[in-house]
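> Handing you this structure, nothing more for now.
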Amino acid sequence: NAGVTQTPKFQVLKTGQSMTLQCAQDMNHEYMSWYRQDPGMGLRLIHYSVGAGITDQGEVPNGYNVSRSTTEDFPLRLLSAAPSQTSVYFCASSRSGGAGELFFGEGSRLTVL
Amino acid sequence: DAKTTQPPSMDCAEGRAANLPCNHSTISGNEYVYWYRQIHSQGPQYIIHGLKNNETNEMASLIITEDRKSSTLILPHATLRDTAVYYCIVRVANQAGTALIFGKGTTLSVSS
């Protein structure tokens, strides 16, 4: 099993550009989520999904869109990037309902100029 | 989910036990205590979780007070590789639609 795979690992954008951070898991987990991590802030939840076709907002959802068309994939879209979205983004998955252990990807470092 | 309070930082000598405290005074009866850690800028790693009873695995022990308002994560013989940020989280397990909310955690520094 590859676990949770995030791409790209590094990305530089200009203000106003759009992009999608990809997240895929091969553990058949129903629950997937996206966090962002800024210096001194810990991890903050952006969006999460408890299954295909179901998504919900977390603590800091503004500026981000998600969709869950398959169990395996949970992409995070930035429609119009802003410098405030410069951060490290982590995708995570777990068994049904988000119970038990969360498995994290290696992170995607995004810089918006 | 109940909020948690952790000290921002702690130091520990290599080979000694590291005891990381966490207060969760508003925890509900069906909420579990979870611990994760994050080494450098890697993704967080699950350590252990428990409800009422003390728990132990190959990584650590979790001691939960009888009133469940606080807990302690114990790394019995800390090594330099245990230097990390440790997060204490409380949440309801097996509840669809809930999410794990991380705080700022405790930065543990293990020195030789």
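Residue numbering restarts at 1 for every chain of the structure tokens, chains are lettered A, B, ... in their displayed order, and ligands are numbered from 1 as they appear.
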Counting only C-alpha atoms, a student should be able to say which residues of chain B come within 12 Å of chain A; what is the right answer, written as a ChimeraX atom specification?
/B:8-9,31-51,85-107
> Excluding Ser80 in chain A and residues on its chain fewer than 3 positions from it, collect all residues at most 6 Å away from it, counting only C-alpha atoms, and give them as a ChimeraX atom specification.
/A:16-18
> DSSP on the backbone: what in chain B comes out strand (DSSP E), as a VMD selection string?
chain B and resid 9 to 13 18 to 23 31 to 38 45 to 50 55 to 56 61 to 64 70 to 75 84 to 92 106 to 111
> Please, what distance in Å, to one decimal, runs between CA of His77 in chain B and CA of Ala13 in chain B?
9.3 Å
> Can you tell me which residues surround range 20-28 of chain B at a distance of at most 6 Å, considering only C-alpha atoms, apart from same-chain residues fewer than 4 positions away, and format the answer as a short mmCIF file (atom, residue, chain, number, x, y, z; two decimals) with N, CA, C and O atoms, in the first residue's frame?

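Generated output (selection-v1.cif):
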```cif
data_model
loop_
_atom_site.label_atom_id
_atom_site.label_comp_id
_atom_site.auth_asym_id
_atom_site.auth_seq_id
_atom_site.Cartn_x
_atom_site.Cartn_y
_atom_site.Cartn_z
N ALA B 2 -14.46 18.51 22.71
CA ALA B 2 -13.88 19.26 23.81
C ALA B 2 -12.54 19.85 23.40
O ALA B 2 -11.82 19.28 22.60
N THR B 4 -8.60 21.16 24.32
CA THR B 4 -7.52 20.68 25.17
C THR B 4 -6.53 21.80 25.44
O THR B 4 -6.43 22.76 24.66
N THR B 5 -5.80 21.68 26.53
CA THR B 5 -4.76 22.63 26.88
C THR B 5 -3.47 21.88 27.12
O THR B 5 -3.45 20.94 27.94
N GLN B 6 -2.42 22.30 26.42
CA GLN B 6 -1.11 21.67 26.57
C GLN B 6 -0.05 22.77 26.78
O GLN B 6 -0.19 23.87 26.26
N LYS B 69 -10.53 14.31 33.24
CA LYS B 69 -10.34 15.71 32.89
C LYS B 69 -8.91 16.02 32.47
O LYS B 69 -8.62 17.14 32.03
N SER B 70 -8.02 15.08 32.62
CA SER B 70 -6.65 15.29 32.15
C SER B 70 -6.02 13.94 31.83
O SER B 70 -6.52 12.89 32.23
N SER B 71 -4.93 14.01 31.07
CA SER B 71 -4.21 12.79 30.72
C SER B 71 -2.73 13.11 30.56
O SER B 71 -2.34 14.29 30.47
N THR B 72 -1.93 12.06 30.55
CA THR B 72 -0.49 12.21 30.37
C THR B 72 0.01 11.17 29.39
O THR B 72 -0.31 9.99 29.51
N LEU B 73 0.75 11.63 28.41
CA LEU B 73 1.42 10.73 27.48
C LEU B 73 2.82 10.49 28.00
O LEU B 73 3.54 11.45 28.31
#
```
> Rounded to one decimal place, report the CA of Arg81 in chain B-CA of Ile64 in chain B distance in Å.
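Spanning CA of Arg81 in chain B to CA of Ile64 in chain B is a straight-line distance of 25.1 Å.
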> Using Å and a single decimal, report how far CA of Gln22 in chain A sits from CA of Asp73 in chain A.
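Spanning CA of Asp73 in chain A to CA of Gln22 in chain A is a straight-line distance of 7.5 Å.
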> Please extract the residues of chain A with a backbone DSSP assignment of helix (DSSP H, G or I) and present them as a list in words.
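Restricting chain A to helix (DSSP H, G or I) produces Pro83, Ser84, Gln85, Ser96, Gly97 and Gly98 of chain A.
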> Could you write those residues out with N, CA and C atoms, as a PDB file, in the first residue's frame?

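Output saved as selection.pdb:
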```pdb
ATOM      1  N   PRO A  83      -1.874  35.410  -1.328  1.00  0.00           N
ATOM      2  CA  PRO A  83      -0.674  35.198  -0.490  1.00  0.00           C
ATOM      3  C   PRO A  83      -0.995  34.583   0.872  1.00  0.00           C
ATOM      4  N   SER A  84      -2.192  34.836   1.398  1.00  0.00           N
ATOM      5  CA  SER A  84      -2.582  34.260   2.693  1.00  0.00           C
ATOM      6  C   SER A  84      -2.734  32.741   2.639  1.00  0.00           C
ATOM      7  N   GLN A  85      -2.766  32.191   1.444  1.00  0.00           N
ATOM      8  CA  GLN A  85      -2.876  30.735   1.303  1.00  0.00           C
ATOM      9  C   GLN A  85      -1.512  30.059   1.199  1.00  0.00           C
ATOM     10  N   SER A  96     -14.051   4.474   8.497  1.00  0.00           N
ATOM     11  CA  SER A  96     -15.370   5.089   8.451  1.00  0.00           C
ATOM     12  C   SER A  96     -15.593   6.085   9.578  1.00  0.00           C
ATOM     13  N   GLY A  97     -16.143   7.213   9.219  1.00  0.00           N
ATOM     14  CA  GLY A  97     -16.528   8.223  10.187  1.00  0.00           C
ATOM     15  C   GLY A  97     -15.383   8.989  10.787  1.00  0.00           C
ATOM     16  N   GLY A  98     -14.173   8.740  10.351  1.00  0.00           N
ATOM     17  CA  GLY A  98     -13.055   9.449  10.940  1.00  0.00           C
ATOM     18  C   GLY A  98     -12.619   8.873  12.255  1.00  0.00           C
TER      19      GLY A  98
END
```
> Pick from A:Val112, A:Val66, A:Met27, A:Met19: nearest to Gly53 in chain A, with only C-alpha atoms counted?
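The closest residue to Gly53 in chain A is A:Val66.
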